[in-house]
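Trainee: Pasting a structure here, questions to come.
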Amino acid sequence: MSAPAAQLRLMSRVSLPALAAASFLLVTTALVLVFFVAPNDADQGFSQRIFYFHVSIAFTAYACFIGGAWKALVHLWKRDPRADLESYVGVHQGVIFGALVLLTGSIWAKISWGHWWLWSENQLVLFLVLFLFYCAYFMLRFSLDDGPQRANLCAVYALFGVILIPVSFLAIRLAQKFIHPVVFTRHGPNFHGWILVTYCVAQIAMLVLAYTLYRVELAGKRLDLRLRELRRVYA
Amino acid sequence: MSTAEKYVTAAYCVVFALVLLYVVIIALKLQRLEREVDELVARPEAAEEDEREPVHIG
(Lines give C-alpha, C1' and ligand atoms only; values in the text may rest on other atoms or scores of the structure.)
Protein backbone atom coordinates (compact mmCIF):
# COMPACT_ATOMS: atom_id res chain seq x y z
CA MET A 1 0.00 0.00 0.00
CA SER A 2 1.35 3.48 -0.87
CA ALA A 3 2.13 5.98 1.90
CA PRO A 4 -0.62 8.53 1.05
CA ALA A 5 -3.23 5.78 0.82
CA ALA A 6 -2.11 4.39 4.19
CA GLN A 7 -2.30 7.89 5.72
CA LEU A 8 -5.82 8.38 4.33
CA ARG A 9 -6.93 5.05 5.81
CA LEU A 10 -5.40 6.00 9.14
CA MET A 11 -7.23 9.37 9.07
CA SER A 12 -10.55 7.70 8.27
CA ARG A 13 -10.17 5.69 11.50
CA VAL A 14 -9.97 8.82 13.68
CA SER A 15 -13.31 9.28 15.45
CA LEU A 16 -15.50 12.28 14.69
CA PRO A 17 -15.47 13.71 18.25
CA ALA A 18 -11.63 13.59 18.22
CA LEU A 19 -11.58 15.38 14.85
CA ALA A 20 -14.07 18.01 16.09
CA ALA A 21 -11.94 18.61 19.21
CA ALA A 22 -8.78 18.90 17.09
CA SER A 23 -10.52 21.37 14.74
CA PHE A 24 -11.68 23.51 17.67
CA LEU A 25 -8.22 23.55 19.27
CA LEU A 26 -6.41 24.31 16.01
CA VAL A 27 -8.82 27.08 14.93
CA THR A 28 -8.62 28.66 18.41
CA THR A 29 -4.80 28.49 18.36
CA ALA A 30 -4.74 29.99 14.87
CA LEU A 31 -7.00 32.86 15.97
CA VAL A 32 -4.81 33.58 19.02
CA LEU A 33 -1.71 33.62 16.79
CA VAL A 34 -3.41 35.82 14.17
CA PHE A 35 -4.64 38.47 16.61
CA PHE A 36 -2.10 38.40 19.45
CA VAL A 37 1.21 37.01 18.19
CA ALA A 38 1.72 37.73 14.46
CA PRO A 39 3.27 41.15 13.80
CA ASN A 40 1.65 43.85 11.67
CA ASP A 41 2.65 43.83 8.01
CA ALA A 42 4.97 46.69 7.01
CA ASP A 43 2.93 47.56 3.89
CA GLN A 44 -0.67 46.70 4.71
CA GLY A 45 -0.67 47.00 8.48
CA PHE A 46 -3.48 45.35 10.46
CA SER A 47 -5.61 44.48 7.41
CA GLN A 48 -2.99 41.91 6.29
CA ARG A 49 -4.30 39.62 9.07
CA ILE A 50 -7.11 38.55 6.74
CA PHE A 51 -4.38 36.78 4.73
CA TYR A 52 -3.94 33.96 7.30
CA PHE A 53 -7.45 32.58 6.88
CA HIS A 54 -8.07 33.78 3.31
CA VAL A 55 -5.07 31.93 1.82
CA SER A 56 -5.55 28.87 4.06
CA ILE A 57 -9.19 28.63 3.02
CA ALA A 58 -8.23 29.01 -0.67
CA PHE A 59 -5.76 26.11 -0.48
CA THR A 60 -8.32 24.06 1.46
CA ALA A 61 -10.90 24.68 -1.29
CA TYR A 62 -8.36 23.48 -3.88
CA ALA A 63 -7.65 20.41 -1.71
CA CYS A 64 -11.38 19.64 -1.50
CA PHE A 65 -11.81 19.91 -5.27
CA ILE A 66 -8.74 17.69 -5.83
CA GLY A 67 -10.12 15.19 -3.27
CA GLY A 68 -13.48 15.22 -5.05
CA ALA A 69 -11.75 14.62 -8.40
CA TRP A 70 -9.66 11.80 -6.93
CA LYS A 71 -12.81 10.06 -5.62
CA ALA A 72 -14.45 10.63 -9.02
CA LEU A 73 -11.50 8.85 -10.64
CA VAL A 74 -11.81 5.99 -8.13
CA HIS A 75 -15.51 5.74 -8.99
CA LEU A 76 -14.83 5.58 -12.75
CA TRP A 77 -12.03 3.07 -12.21
CA LYS A 78 -13.60 0.70 -9.69
CA ARG A 79 -17.33 1.53 -10.17
CA ASP A 80 -17.64 1.97 -6.44
CA PRO A 81 -20.87 3.83 -5.50
CA ARG A 82 -19.30 4.92 -2.19
CA ALA A 83 -16.65 6.86 -4.14
CA ASP A 84 -19.39 8.75 -6.01
CA LEU A 85 -20.89 9.94 -2.72
CA GLU A 86 -17.44 10.84 -1.37
CA SER A 87 -16.68 12.80 -4.55
CA TYR A 88 -19.97 14.69 -4.22
CA VAL A 89 -19.28 15.59 -0.57
CA GLY A 90 -15.70 16.65 -1.44
CA VAL A 91 -16.97 18.99 -4.17
CA HIS A 92 -19.62 20.33 -1.78
CA GLN A 93 -16.95 21.16 0.81
CA GLY A 94 -14.89 22.81 -1.92
CA VAL A 95 -17.81 25.04 -2.90
CA ILE A 96 -18.38 26.07 0.74
CA PHE A 97 -14.71 26.96 1.19
CA GLY A 98 -14.69 28.58 -2.26
CA ALA A 99 -17.54 30.87 -1.18
CA LEU A 100 -15.50 31.78 1.90
CA VAL A 101 -12.47 32.60 -0.28
CA LEU A 102 -14.56 34.95 -2.42
CA LEU A 103 -16.15 36.65 0.61
CA THR A 104 -12.95 37.13 2.63
CA GLY A 105 -11.02 38.10 -0.52
CA SER A 106 -13.63 40.68 -1.38
CA ILE A 107 -13.37 42.25 2.08
CA TRP A 108 -9.58 42.27 1.83
CA ALA A 109 -9.76 43.80 -1.67
CA LYS A 110 -12.01 46.58 -0.40
CA ILE A 111 -9.64 47.59 2.36
CA SER A 112 -6.39 47.15 0.35
CA TRP A 113 -7.38 48.23 -3.15
CA GLY A 114 -10.55 50.22 -2.45
CA HIS A 115 -12.73 47.90 -4.56
CA TRP A 116 -14.92 44.91 -3.63
CA TRP A 117 -14.05 43.20 -6.90
CA LEU A 118 -11.72 43.84 -9.87
CA TRP A 119 -12.64 42.21 -13.18
CA SER A 120 -9.17 43.07 -14.52
CA GLU A 121 -7.50 40.70 -12.03
CA ASN A 122 -7.01 37.29 -13.69
CA GLN A 123 -6.64 35.34 -10.46
CA LEU A 124 -9.91 36.66 -9.04
CA VAL A 125 -11.85 36.00 -12.24
CA LEU A 126 -10.34 32.52 -12.67
CA PHE A 127 -11.19 31.58 -9.10
CA LEU A 128 -14.76 32.79 -9.72
CA VAL A 129 -14.89 30.66 -12.90
CA LEU A 130 -13.66 27.64 -10.90
CA PHE A 131 -16.26 28.32 -8.19
CA LEU A 132 -19.11 28.70 -10.71
CA PHE A 133 -17.95 25.58 -12.57
CA TYR A 134 -18.30 23.54 -9.39
CA CYS A 135 -21.64 25.25 -8.55
CA ALA A 136 -22.89 23.94 -11.91
CA TYR A 137 -21.85 20.43 -10.74
CA PHE A 138 -24.87 20.48 -8.42
CA MET A 139 -27.18 21.60 -11.23
CA LEU A 140 -26.00 18.59 -13.23
CA ARG A 141 -26.27 16.20 -10.30
CA PHE A 142 -29.79 17.24 -9.27
CA SER A 143 -31.12 17.39 -12.83
CA LEU A 144 -30.49 13.64 -13.35
CA ASP A 145 -32.18 10.62 -11.80
CA ASP A 146 -30.27 8.69 -9.19
CA GLY A 147 -28.27 5.82 -10.68
CA PRO A 148 -25.03 4.80 -12.41
CA GLN A 149 -25.51 7.26 -15.29
CA ARG A 150 -25.68 10.23 -12.91
CA ALA A 151 -22.67 8.97 -10.97
CA ASN A 152 -20.60 8.56 -14.15
CA LEU A 153 -21.51 11.97 -15.58
CA CYS A 154 -20.80 13.72 -12.27
CA ALA A 155 -17.45 11.91 -11.94
CA VAL A 156 -16.36 13.07 -15.42
CA TYR A 157 -17.49 16.63 -14.61
CA ALA A 158 -15.57 16.67 -11.30
CA LEU A 159 -12.46 15.43 -13.11
CA PHE A 160 -12.69 18.18 -15.74
CA GLY A 161 -12.94 20.81 -13.03
CA VAL A 162 -9.61 19.84 -11.53
CA ILE A 163 -7.87 21.11 -14.71
CA LEU A 164 -8.95 24.63 -13.74
CA ILE A 165 -7.08 24.46 -10.41
CA PRO A 166 -3.51 24.83 -11.74
CA VAL A 167 -4.76 27.49 -14.18
CA SER A 168 -6.29 29.42 -11.28
CA PHE A 169 -3.17 28.94 -9.14
CA LEU A 170 -0.74 29.97 -11.88
CA ALA A 171 -2.85 32.85 -13.23
CA ILE A 172 -1.09 35.35 -10.99
CA ARG A 173 2.31 34.25 -12.30
CA LEU A 174 1.18 34.37 -15.92
CA ALA A 175 -0.26 37.87 -15.61
CA GLN A 176 1.83 40.76 -16.89
CA LYS A 177 0.35 43.32 -14.54
CA PHE A 178 -1.11 42.42 -11.16
CA ILE A 179 -1.85 43.78 -7.74
CA HIS A 180 -2.79 40.49 -6.06
CA PRO A 181 0.18 39.51 -3.81
CA VAL A 182 2.27 36.40 -4.62
CA VAL A 183 2.46 34.29 -1.47
CA PHE A 184 4.54 31.34 -2.68
CA THR A 185 7.42 31.72 -5.11
CA ARG A 186 9.85 29.16 -6.59
CA HIS A 187 12.19 29.91 -3.69
CA GLY A 188 9.57 29.16 -1.03
CA PRO A 189 7.10 31.30 0.93
CA ASN A 190 7.38 35.08 0.81
CA PHE A 191 7.32 35.43 4.61
CA HIS A 192 9.24 34.20 7.68
CA GLY A 193 9.16 34.01 11.47
CA TRP A 194 5.83 34.29 13.28
CA ILE A 195 4.01 35.14 10.06
CA LEU A 196 5.04 31.77 8.61
CA VAL A 197 4.23 29.89 11.85
CA THR A 198 0.79 31.55 12.06
CA TYR A 199 0.06 30.79 8.43
CA CYS A 200 1.08 27.11 8.86
CA VAL A 201 -1.14 26.69 11.95
CA ALA A 202 -4.07 28.39 10.15
CA GLN A 203 -3.54 26.14 7.12
CA ILE A 204 -3.52 22.95 9.21
CA ALA A 205 -6.58 24.22 11.15
CA MET A 206 -8.54 24.82 7.94
CA LEU A 207 -7.59 21.43 6.49
CA VAL A 208 -8.61 19.59 9.67
CA LEU A 209 -11.84 21.63 9.90
CA ALA A 210 -12.68 20.82 6.27
CA TYR A 211 -11.97 17.12 6.85
CA THR A 212 -14.17 17.11 9.97
CA LEU A 213 -17.05 18.77 8.09
CA TYR A 214 -16.51 16.29 5.23
CA ARG A 215 -16.79 13.34 7.62
CA VAL A 216 -19.90 14.78 9.31
CA GLU A 217 -21.64 15.39 5.98
CA LEU A 218 -20.62 11.99 4.64
CA ALA A 219 -21.99 10.25 7.75
CA GLY A 220 -25.30 12.10 7.32
CA LYS A 221 -25.53 11.24 3.61
CA ARG A 222 -24.76 7.55 4.25
CA LEU A 223 -27.41 7.43 6.98
CA ASP A 224 -29.89 9.04 4.59
CA LEU A 225 -29.14 6.40 1.92
CA ARG A 226 -29.54 3.53 4.37
CA LEU A 227 -32.86 4.97 5.54
CA ARG A 228 -34.12 5.15 1.96
CA GLU A 229 -33.18 1.49 1.43
CA LEU A 230 -34.99 0.53 4.64
CA ARG A 231 -38.08 2.41 3.47
CA ARG A 232 -38.00 0.50 0.20
CA VAL A 233 -37.83 -2.77 2.14
CA TYR A 234 -40.76 -1.79 4.36
CA ALA A 235 -42.88 -0.43 1.50
CA MET B 1 -11.83 50.58 16.35
CA SER B 2 -10.05 51.59 13.13
CA THR B 3 -11.43 50.88 9.64
CA ALA B 4 -8.83 48.13 9.10
CA GLU B 5 -9.82 46.44 12.36
CA LYS B 6 -13.50 46.62 11.38
CA TYR B 7 -12.83 44.96 8.01
CA VAL B 8 -10.63 42.22 9.53
CA THR B 9 -13.30 41.52 12.17
CA ALA B 10 -15.95 41.38 9.45
CA ALA B 11 -13.88 38.88 7.43
CA TYR B 12 -13.41 36.55 10.40
CA CYS B 13 -17.08 36.91 11.38
CA VAL B 14 -18.10 35.90 7.83
CA VAL B 15 -15.99 32.73 8.12
CA PHE B 16 -17.44 31.93 11.54
CA ALA B 17 -21.04 32.66 10.44
CA LEU B 18 -20.83 30.49 7.31
CA VAL B 19 -19.30 27.53 9.17
CA LEU B 20 -21.93 27.93 11.91
CA LEU B 21 -24.71 28.04 9.29
CA TYR B 22 -23.34 24.85 7.74
CA VAL B 23 -23.28 23.11 11.15
CA VAL B 24 -26.90 24.25 11.82
CA ILE B 25 -28.03 22.87 8.43
CA ILE B 26 -26.31 19.52 9.13
CA ALA B 27 -27.85 19.44 12.64
CA LEU B 28 -31.35 20.05 11.19
CA LYS B 29 -30.78 17.28 8.66
CA LEU B 30 -29.67 14.87 11.39
CA GLN B 31 -32.81 15.77 13.37
CA ARG B 32 -34.94 14.90 10.33
CA LEU B 33 -33.10 11.59 9.92
CA GLU B 34 -33.66 10.78 13.59
CA ARG B 35 -37.39 11.48 13.17
CA GLU B 36 -37.53 9.21 10.11
CA VAL B 37 -35.75 6.40 12.01
CA ASP B 38 -38.34 6.74 14.79
CA GLU B 39 -41.14 6.49 12.22
CA LEU B 40 -39.61 3.37 10.71
CA VAL B 41 -39.17 1.76 14.12
CA ALA B 42 -42.80 2.51 15.02
CA ARG B 43 -44.16 1.10 11.73
CA PRO B 44 -43.43 -2.66 12.31
CA GLU B 45 -44.73 -2.40 15.87
CA ALA B 46 -48.05 -1.00 14.58
CA ALA B 47 -48.19 -3.70 11.88
CA GLU B 48 -47.62 -6.43 14.49
CA GLU B 49 -50.51 -5.13 16.57
CA ASP B 50 -52.83 -5.19 13.52
CA GLU B 51 -51.91 -8.79 12.75
CA ARG B 52 -53.06 -10.09 16.19
CA GLU B 53 -56.43 -11.87 16.10
CA PRO B 54 -59.19 -10.17 18.03
CA VAL B 55 -60.26 -12.10 21.14
CA HIS B 56 -63.90 -12.04 22.28
CA ILE B 57 -64.25 -11.61 25.99
CA GLY B 58 -67.32 -12.80 27.78
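Each chain in the C-alpha coordinates gets a letter, A, B and so on, in the order shown; residues start at 1 in every chain, and ligands are counted from 1 in the order they appear.
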Pick out the chain A residues within 6 Å of chain B. Count only C-alpha atoms. Give them as a list in words.
Mentor: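 Putting it all together, I get Ser47, Ile50 and Thr104 of chain A.
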